[in-house]
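Visitor: PDB, C-alpha atoms, file query29.pdb:
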ATOM      1  CA  MET A  29     -70.440 -40.446 109.997
ATOM      2  CA  GLY A  30     -70.813 -37.388 107.787
ATOM      3  CA  ALA A  31     -71.161 -35.100 110.807
ATOM      4  CA  VAL A  32     -67.996 -36.597 112.309
ATOM      5  CA  ALA A  33     -66.070 -35.950 109.078
ATOM      6  CA  VAL A  34     -67.267 -32.336 108.892
ATOM      7  CA  ALA A  35     -66.434 -31.769 112.566
ATOM      8  CA  GLY A  36     -62.965 -33.257 112.033
ATOM      9  CA  VAL A  37     -62.216 -30.952 109.105
ATOM     10  CA  VAL A  38     -63.465 -27.909 111.031
ATOM     11  CA  LEU A  39     -61.384 -28.855 114.071
ATOM     12  CA  ALA A  40     -58.261 -29.402 111.954
ATOM     13  CA  THR A  41     -58.819 -26.025 110.260
ATOM     14  CA  LEU A  42     -59.091 -24.225 113.595
ATOM     15  CA  LEU A  43     -56.023 -25.983 114.997
ATOM     16  CA  ILE A  44     -53.923 -25.075 111.952
ATOM     17  CA  SER A  45     -55.124 -21.466 112.184
ATOM     18  CA  THR A  46     -54.157 -21.298 115.840
ATOM     19  CA  TRP A  47     -50.755 -22.798 115.063
ATOM     20  CA  GLY A  48     -50.153 -20.054 112.495
ATOM     21  CA  LEU A  49     -50.822 -17.470 115.203
ATOM     22  CA  ARG A  50     -47.476 -18.279 116.824
ATOM     23  CA  SER A  51     -45.542 -16.860 113.876
ATOM     24  CA  SER A  52     -47.717 -13.773 113.280
ATOM     25  CA  ARG A  53     -46.176 -10.901 115.213
ATOM     26  CA  THR A  54     -46.090  -7.916 112.835
ATOM     27  CA  THR A  55     -48.377  -6.230 110.339
ATOM     28  CA  SER A  56     -46.407  -7.806 107.512
ATOM     29  CA  ASP A  57     -46.911 -11.241 109.087
ATOM     30  CA  PHE A  58     -50.656 -10.692 109.306
ATOM     31  CA  PHE A  59     -51.290  -9.272 105.824
ATOM     32  CA  VAL A  60     -48.698 -10.951 103.595
ATOM     33  CA  ALA A  61     -47.049 -13.616 105.810
ATOM     34  CA  SER A  62     -43.875 -11.493 105.744
ATOM     35  CA  ARG A  63     -43.534 -12.428 102.050
ATOM     36  CA  ARG A  64     -41.647 -15.547 103.073
ATOM     37  CA  VAL A  65     -44.023 -18.323 102.039
ATOM     38  CA  ARG A  66     -42.234 -21.189 100.306
ATOM     39  CA  PRO A  67     -43.229 -21.808  96.659
ATOM     40  CA  MET A  68     -44.531 -25.328  97.327
ATOM     41  CA  LEU A  69     -46.700 -24.135 100.205
ATOM     42  CA  ASN A  70     -47.934 -21.165  98.218
ATOM     43  CA  ALA A  71     -48.776 -23.358  95.219
ATOM     44  CA  SER A  72     -50.694 -25.752  97.464
ATOM     45  CA  ALA A  73     -52.644 -22.834  98.952
ATOM     46  CA  ILE A  74     -53.535 -21.509  95.478
ATOM     47  CA  GLY A  75     -54.611 -25.019  94.464
ATOM     48  CA  GLY A  76     -56.764 -25.300  97.584
ATOM     49  CA  GLU A  77     -58.429 -22.006  96.710
ATOM     50  CA  TYR A  78     -58.943 -23.132  93.114
ATOM     51  CA  VAL A  79     -60.612 -26.450  94.031
ATOM     52  CA  SER A  80     -63.296 -24.692  96.045
ATOM     53  CA  ALA A  81     -66.960 -25.473  96.539
ATOM     54  CA  ALA A  82     -67.982 -23.077  93.787
ATOM     55  CA  SER A  83     -65.529 -24.394  91.209
ATOM     56  CA  PHE A  84     -65.593 -28.119  92.011
ATOM     57  CA  LEU A  85     -69.298 -28.606  92.702
ATOM     58  CA  GLY A  86     -70.269 -25.963  90.148
ATOM     59  CA  VAL A  87     -68.283 -27.532  87.310
ATOM     60  CA  ALA A  88     -69.535 -31.009  88.201
ATOM     61  CA  GLY A  89     -73.117 -29.740  88.106
ATOM     62  CA  LEU A  90     -72.590 -27.938  84.805
ATOM     63  CA  VAL A  91     -71.063 -31.028  83.194
ATOM     64  CA  LEU A  92     -73.905 -33.184  84.498
ATOM     65  CA  ALA A  93     -76.553 -30.770  83.235
ATOM     66  CA  TYR A  94     -75.066 -29.544  79.953
ATOM     67  CA  GLY A  95     -72.299 -31.947  78.966
ATOM     68  CA  ALA A  96     -68.533 -31.933  78.647
ATOM     69  CA  GLU A  97     -68.524 -28.591  76.825
ATOM     70  CA  MET A  98     -68.798 -26.936  80.234
ATOM     71  CA  LEU A  99     -65.209 -27.972  80.979
ATOM     72  CA  TRP A 100     -64.177 -24.789  79.160
ATOM     73  CA  TYR A 101     -65.239 -22.855  82.268
ATOM     74  CA  PRO A 102     -62.372 -24.107  84.491
ATOM     75  CA  VAL A 103     -59.991 -23.627  81.566
ATOM     76  CA  GLY A 104     -61.101 -19.992  81.388
ATOM     77  CA  TRP A 105     -60.594 -19.136  85.022
ATOM     78  CA  THR A 106     -57.315 -21.067  85.118
ATOM     79  CA  ALA A 107     -56.086 -18.711  82.414
ATOM     80  CA  GLY A 108     -57.473 -15.881  84.523
ATOM     81  CA  TYR A 109     -55.337 -17.037  87.444
ATOM     82  CA  LEU A 110     -52.239 -16.832  85.267
ATOM     83  CA  VAL A 111     -53.118 -13.306  84.143
ATOM     84  CA  LEU A 112     -53.743 -12.334  87.762
ATOM     85  CA  LEU A 113     -50.371 -13.699  88.855
ATOM     86  CA  ALA A 114     -48.478 -12.013  86.038
ATOM     87  CA  LEU A 115     -50.186  -8.611  85.901
ATOM     88  CA  VAL A 116     -51.428  -8.082  89.470
ATOM     89  CA  ALA A 117     -49.732 -10.289  92.041
ATOM     90  CA  ALA A 118     -46.161  -9.774  90.847
ATOM     91  CA  PRO A 119     -46.327  -5.943  90.649
ATOM     92  CA  LEU A 120     -48.194  -5.860  93.973
ATOM     93  CA  ARG A 121     -45.431  -7.854  95.632
ATOM     94  CA  ARG A 122     -42.701  -5.641  94.181
ATOM     95  CA  SER A 123     -44.476  -2.470  95.284
ATOM     96  CA  GLY A 124     -44.558  -3.507  98.947
ATOM     97  CA  ALA A 125     -48.276  -2.640  99.249
ATOM     98  CA  TYR A 126     -50.530  -4.819 101.374
ATOM     99  CA  THR A 127     -53.768  -4.548  99.389
ATOM    100  CA  LEU A 128     -54.834  -3.810  95.821
ATOM    101  CA  PRO A 129     -56.329  -0.384  96.725
ATOM    102  CA  ASP A 130     -53.013   0.528  98.383
ATOM    103  CA  PHE A 131     -51.180  -0.464  95.226
ATOM    104  CA  ALA A 132     -53.575   1.474  92.976
ATOM    105  CA  GLU A 133     -53.207   4.641  95.051
ATOM    106  CA  ALA A 134     -49.425   4.367  95.195
ATOM    107  CA  ARG A 135     -49.162   3.705  91.459
ATOM    108  CA  LEU A 136     -51.602   6.361  90.246
ATOM    109  CA  ALA A 137     -51.461   8.858  93.147
ATOM    110  CA  SER A 138     -55.245   9.140  93.280
ATOM    111  CA  GLY A 139     -57.548   8.693  96.243
ATOM    112  CA  ARG A 140     -60.506   8.297  93.906
ATOM    113  CA  VAL A 141     -58.836   5.360  92.170
ATOM    114  CA  ARG A 142     -58.237   3.836  95.600
ATOM    115  CA  ALA A 143     -61.944   4.150  96.477
ATOM    116  CA  VAL A 144     -63.065   2.624  93.172
ATOM    117  CA  SER A 145     -60.561  -0.202  93.571
ATOM    118  CA  ALA A 146     -61.810  -0.916  97.095
ATOM    119  CA  LEU A 147     -65.413  -1.059  95.876
ATOM    120  CA  LEU A 148     -64.459  -3.444  93.067
ATOM    121  CA  VAL A 149     -62.568  -5.702  95.469
ATOM    122  CA  VAL A 150     -65.562  -5.874  97.826
ATOM    123  CA  ALA A 151     -68.026  -6.476  94.954
ATOM    124  CA  ILE A 152     -65.926  -9.232  93.358
ATOM    125  CA  GLY A 153     -65.292 -10.807  96.747
ATOM    126  CA  TRP A 154     -69.012 -10.844  97.497
ATOM    127  CA  LEU A 155     -69.816 -12.420  94.121
ATOM    128  CA  TYR A 156     -67.202 -15.065  94.894
ATOM    129  CA  LEU A 157     -68.542 -15.714  98.395
ATOM    130  CA  LEU A 158     -72.154 -16.274  97.347
ATOM    131  CA  PRO A 159     -71.554 -19.555  95.443
ATOM    132  CA  GLN A 160     -69.113 -20.642  98.174
ATOM    133  CA  PHE A 161     -71.800 -20.272 100.827
ATOM    134  CA  GLN A 162     -74.337 -21.979  98.574
ATOM    135  CA  GLY A 163     -71.969 -24.903  97.985
ATOM    136  CA  ALA A 164     -71.207 -25.147 101.696
ATOM    137  CA  GLY A 165     -74.920 -25.223 102.518
ATOM    138  CA  LEU A 166     -75.657 -27.932  99.959
ATOM    139  CA  THR A 167     -72.690 -30.028 101.077
ATOM    140  CA  LEU A 168     -73.613 -29.760 104.743
ATOM    141  CA  ALA A 169     -77.244 -30.637 103.973
ATOM    142  CA  VAL A 170     -76.267 -33.726 101.945
ATOM    143  CA  VAL A 171     -73.580 -34.984 104.332
ATOM    144  CA  THR A 172     -75.204 -34.290 107.706
ATOM    145  CA  GLY A 173     -78.877 -33.630 106.951
ATOM    146  CA  ALA A 174     -78.635 -30.141 108.481
ATOM    147  CA  PRO A 175     -80.589 -27.223 106.974
ATOM    148  CA  SER A 176     -78.891 -25.809 103.894
ATOM    149  CA  TRP A 177     -78.892 -22.259 105.311
ATOM    150  CA  LEU A 178     -76.569 -23.383 108.119
ATOM    151  CA  GLY A 179     -73.590 -23.975 105.820
ATOM    152  CA  GLY A 180     -72.923 -20.296 105.134
ATOM    153  CA  PRO A 181     -72.743 -19.161 108.785
ATOM    154  CA  VAL A 182     -70.605 -22.167 109.751
ATOM    155  CA  VAL A 183     -68.088 -21.543 106.972
ATOM    156  CA  GLY A 184     -68.085 -17.801 107.648
ATOM    157  CA  LEU A 185     -67.434 -18.344 111.361
ATOM    158  CA  VAL A 186     -64.589 -20.808 110.724
ATOM    159  CA  VAL A 187     -62.932 -18.480 108.203
ATOM    160  CA  LEU A 188     -63.373 -15.489 110.516
ATOM    161  CA  VAL A 189     -61.686 -17.328 113.380
ATOM    162  CA  GLY A 190     -58.869 -18.472 111.072
ATOM    163  CA  VAL A 191     -58.193 -15.012 109.696
ATOM    164  CA  ALA A 192     -58.364 -13.347 113.105
ATOM    165  CA  SER A 193     -56.058 -15.973 114.591
ATOM    166  CA  GLY A 194     -53.071 -15.599 112.313
ATOM    167  CA  GLY A 195     -53.878 -13.605 109.205
ATOM    168  CA  MET A 196     -52.417 -14.572 105.857
ATOM    169  CA  ARG A 197     -49.983 -17.082 107.294
ATOM    170  CA  SER A 198     -52.762 -19.074 108.956
ATOM    171  CA  ILE A 199     -54.943 -18.882 105.849
ATOM    172  CA  THR A 200     -52.038 -20.097 103.704
ATOM    173  CA  PHE A 201     -51.514 -23.106 105.979
ATOM    174  CA  VAL A 202     -55.246 -23.863 105.977
ATOM    175  CA  GLN A 203     -55.588 -23.600 102.201
ATOM    176  CA  ALA A 204     -52.572 -25.862 101.683
ATOM    177  CA  PHE A 205     -54.036 -28.417 104.104
ATOM    178  CA  GLN A 206     -57.381 -28.319 102.314
ATOM    179  CA  TYR A 207     -55.699 -28.773  98.942
ATOM    180  CA  TRP A 208     -54.026 -32.020  99.995
ATOM    181  CA  LEU A 209     -57.208 -33.142 101.737
ATOM    182  CA  LYS A 210     -59.292 -32.537  98.608
ATOM    183  CA  LEU A 211     -56.668 -34.163  96.400
ATOM    184  CA  THR A 212     -56.699 -37.264  98.609
ATOM    185  CA  ALA A 213     -60.502 -37.305  98.604
ATOM    186  CA  LEU A 214     -60.456 -37.243  94.800
ATOM    187  CA  LEU A 215     -57.635 -39.717  94.223
ATOM    188  CA  ALA A 216     -58.766 -42.385  96.715
ATOM    189  CA  PRO A 217     -62.078 -43.229  94.970
ATOM    190  CA  LEU A 218     -60.383 -42.803  91.596
ATOM    191  CA  ALA A 219     -57.805 -45.434  92.534
ATOM    192  CA  VAL A 220     -60.571 -47.800  93.665
ATOM    193  CA  LEU A 221     -62.483 -47.259  90.411
ATOM    194  CA  VAL A 222     -59.365 -47.926  88.339
ATOM    195  CA  VAL A 223     -58.681 -51.164  90.232
ATOM    196  CA  VAL A 224     -62.289 -52.339  89.797
ATOM    197  CA  TRP A 225     -62.324 -51.337  86.124
ATOM    198  CA  HIS A 226     -59.035 -53.101  85.449
ATOM    199  CA  GLY A 227     -60.033 -56.267  87.261
ATOM    200  CA  ASP A 228     -63.650 -56.718  86.248
ATOM    201  CA  GLY A 229     -65.178 -54.085  84.028
ATOM    202  CA  ARG A 230     -62.381 -53.179  81.614
ATOM    203  CA  PRO A 231     -63.727 -53.093  78.040
ATOM    204  CA  CYS A 232     -61.807 -55.155  75.512
ATOM    205  CA  ARG A 233     -61.787 -55.179  71.742
ATOM    206  CA  ALA A 234     -63.716 -58.445  71.518
ATOM    207  CA  THR A 235     -66.610 -57.326  73.738
ATOM    208  CA  SER A 236     -66.769 -53.573  73.264
ATOM    209  CA  ALA A 237     -68.815 -53.708  70.051
ATOM    210  CA  ARG A 238     -72.532 -54.124  70.508
ATOM    211  CA  VAL A 239     -74.013 -57.289  69.051
ATOM    212  CA  SER A 240     -77.691 -57.386  68.164
ATOM    213  CA  PRO A 241     -79.785 -60.249  69.620
ATOM    214  CA  GLY A 242     -80.484 -61.655  66.164
ATOM    215  CA  ARG A 243     -76.825 -61.708  65.182
ATOM    216  CA  ALA A 244     -75.889 -63.185  68.565
ATOM    217  CA  ALA A 245     -78.401 -66.000  68.032
ATOM    218  CA  ALA A 246     -77.156 -66.613  64.494
ATOM    219  CA  THR A 247     -73.544 -66.855  65.604
ATOM    220  CA  ALA A 248     -74.145 -68.785  68.819
ATOM    221  CA  GLY A 249     -73.710 -72.209  67.190
ATOM    222  CA  ARG A 250     -70.959 -71.282  64.729
ATOM    223  CA  PRO A 251     -67.571 -72.728  65.683
ATOM    224  CA  ARG A 252     -64.893 -70.137  66.287
ATOM    225  CA  SER A 253     -61.752 -70.175  64.196
ATOM    226  CA  ALA A 254     -58.653 -68.093  63.874
ATOM    227  CA  GLY A 255     -60.242 -65.913  61.208
ATOM    228  CA  ALA A 256     -63.726 -65.821  62.643
ATOM    229  CA  SER A 257     -63.391 -62.310  63.988
ATOM    230  CA  ARG A 258     -62.390 -61.068  60.516
ATOM    231  CA  ASP A 259     -64.737 -62.816  58.077
ATOM    232  CA  TRP A 260     -67.864 -63.370  60.175
ATOM    233  CA  PRO A 261     -70.501 -62.170  59.662
ATOM    234  CA  PRO A 262     -70.027 -62.240  55.885
ATOM    235  CA  ASP A 263     -70.183 -59.041  53.908
ATOM    236  CA  ARG A 264     -73.604 -58.918  52.218
ATOM    237  CA  ARG A 265     -73.279 -55.540  50.605
ATOM    238  CA  GLY A 266     -72.957 -57.078  47.118
ATOM    239  CA  SER A 267     -75.667 -59.728  47.565
ATOM    240  CA  THR A 268     -79.266 -59.382  46.558
TER     241      THR A 268
END
Please go through the file and, once you have read it, give me the structure as structure tokens.
Guide:
Amino acid sequence: MGAVAVAGVVLATLLISTWGLRSSRTTSDFFVASRRVRPMLNASAIGGEYVSAASFLGVAGLVLAYGAEMLWYPVGWTAGYLVLLALVAAPLRRSGAYTLPDFAEARLASGRVRAVSALLVVAIGWLYLLPQFQGAGLTLAVVTGAPSWLGGPVVGLVVLVGVASGGMRSITFVQAFQYWLKLTALLAPLAVLVVVWHGDGRPCRATSARVSPGRAAATAGRPRSAGASRDWPPDRRGST
């Protein structure tokens, strides 16, 4: 069943990438989707990139290992996304450049700055890809029982085919699709848990407090009254 689910997602990704190929005809289409991506679609694609294997599985593992304090990590890189949008993406779009090295060279008129920028982009991209490949390998191993090293090549091949098929437009469609798929995968079990919790396991004020076995035995035969929850057990702080 897990292998079927993985194969279905891969097939849907490849089909969406191929569909995006129909509208990619120029260099602008390939690199920046002609700068005509609708805000809702673009937001979904950014959300799909944000809820990635590295962020989702990584944060879950950190919280499991070190506690809820690790939730500051996603808060930090969410703020980083906002800084990136305000200080990098917006000026890059206004400049008409296709890549960050192009923008750096056009803004500062320096080939050396362009080379340094290209190296930084490759280094940061590689650091981002490593946990993605690791998460893909672990997920594939858990879901299908395949070797963990197989996840990286499979993901790399699927992404390579998607990018070569339609460029940025195809990738935007794929990321938006994956966002809604991940959101559904998160909300469906959450809805089931809420229904079960509300119907059977919801804590209430009368049963949420822990009662020691001795106190439970002492109060088992006492008749309940309207004020029983307030004055029983009696306050013995002043007794000797």
Visitor: Extract, using all atoms listed in the file, all DNA, RNA and protein residues at most 12 Å from Ala117 of chain A, discarding same-chain residues fewer than 6 positions from it, and format them as a ChimeraX atom specification.
Guide: /A:60,63,109-111,123-128,131
Visitor: Grab all the atoms of segment 213-227 of chain A that the file lists, wrap them in a box along x, y and z, add 4 Å per side, and give me centre plus edge lengths in Å (one decimal) as lines of an AutoDock Vina configuration file.
Guide:
center_x = -60.1
center_y = -46.8
center_z = 92.0
size_x = 12.8
size_y = 27.0
size_z = 21.2
Visitor: Which residues match the PyMOL selection byres ((chain A and resi 86) around 12) in the file above, as a ChimeraX atom specification?
Guide: /A:79-85,87-94,98-99,101-102,159-160,162-164,166-167
Visitor: Please provide as a PDB file with C-alpha atoms, keeping the file's coordinate frame all residues within 12 Å of Ala146 of chain A, with the sequence filter that same-chain residues fewer than 5 positions apart are discarded (counting only C-alpha atoms).
Guide:
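See out16.pdb below for the written result:
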ATOM      1  CA  THR A 127     -53.768  -4.548  99.389  1.00  0.00           C
ATOM      2  CA  LEU A 128     -54.834  -3.810  95.821  1.00  0.00           C
ATOM      3  CA  PRO A 129     -56.329  -0.384  96.725  1.00  0.00           C
ATOM      4  CA  ASP A 130     -53.013   0.528  98.383  1.00  0.00           C
ATOM      5  CA  PHE A 131     -51.180  -0.464  95.226  1.00  0.00           C
ATOM      6  CA  ALA A 132     -53.575   1.474  92.976  1.00  0.00           C
ATOM      7  CA  GLU A 133     -53.207   4.641  95.051  1.00  0.00           C
ATOM      8  CA  GLY A 139     -57.548   8.693  96.243  1.00  0.00           C
ATOM      9  CA  ARG A 140     -60.506   8.297  93.906  1.00  0.00           C
ATOM     10  CA  VAL A 141     -58.836   5.360  92.170  1.00  0.00           C
ATOM     11  CA  ALA A 151     -68.026  -6.476  94.954  1.00  0.00           C
ATOM     12  CA  ILE A 152     -65.926  -9.232  93.358  1.00  0.00           C
ATOM     13  CA  GLY A 153     -65.292 -10.807  96.747  1.00  0.00           C
TER      14      GLY A 153
END
Visitor: Leaving out segment 71-73 of chain A and any residue of its chain fewer than 6 positions from it, which residues lie within 9 Å of it when counting only C-alpha atoms, given as a PDB file with C-alpha atoms, in the coordinates of the input?
Guide:
ATOM      1  CA  ILE A 199     -54.943 -18.882 105.849  1.00  0.00           C
ATOM      2  CA  THR A 200     -52.038 -20.097 103.704  1.00  0.00           C
ATOM      3  CA  PHE A 201     -51.514 -23.106 105.979  1.00  0.00           C
ATOM      4  CA  VAL A 202     -55.246 -23.863 105.977  1.00  0.00           C
ATOM      5  CA  GLN A 203     -55.588 -23.600 102.201  1.00  0.00           C
ATOM      6  CA  ALA A 204     -52.572 -25.862 101.683  1.00  0.00           C
ATOM      7  CA  PHE A 205     -54.036 -28.417 104.104  1.00  0.00           C
ATOM      8  CA  GLN A 206     -57.381 -28.319 102.314  1.00  0.00           C
ATOM      9  CA  TYR A 207     -55.699 -28.773  98.942  1.00  0.00           C
ATOM     10  CA  TRP A 208     -54.026 -32.020  99.995  1.00  0.00           C
TER      11      TRP A 208
END
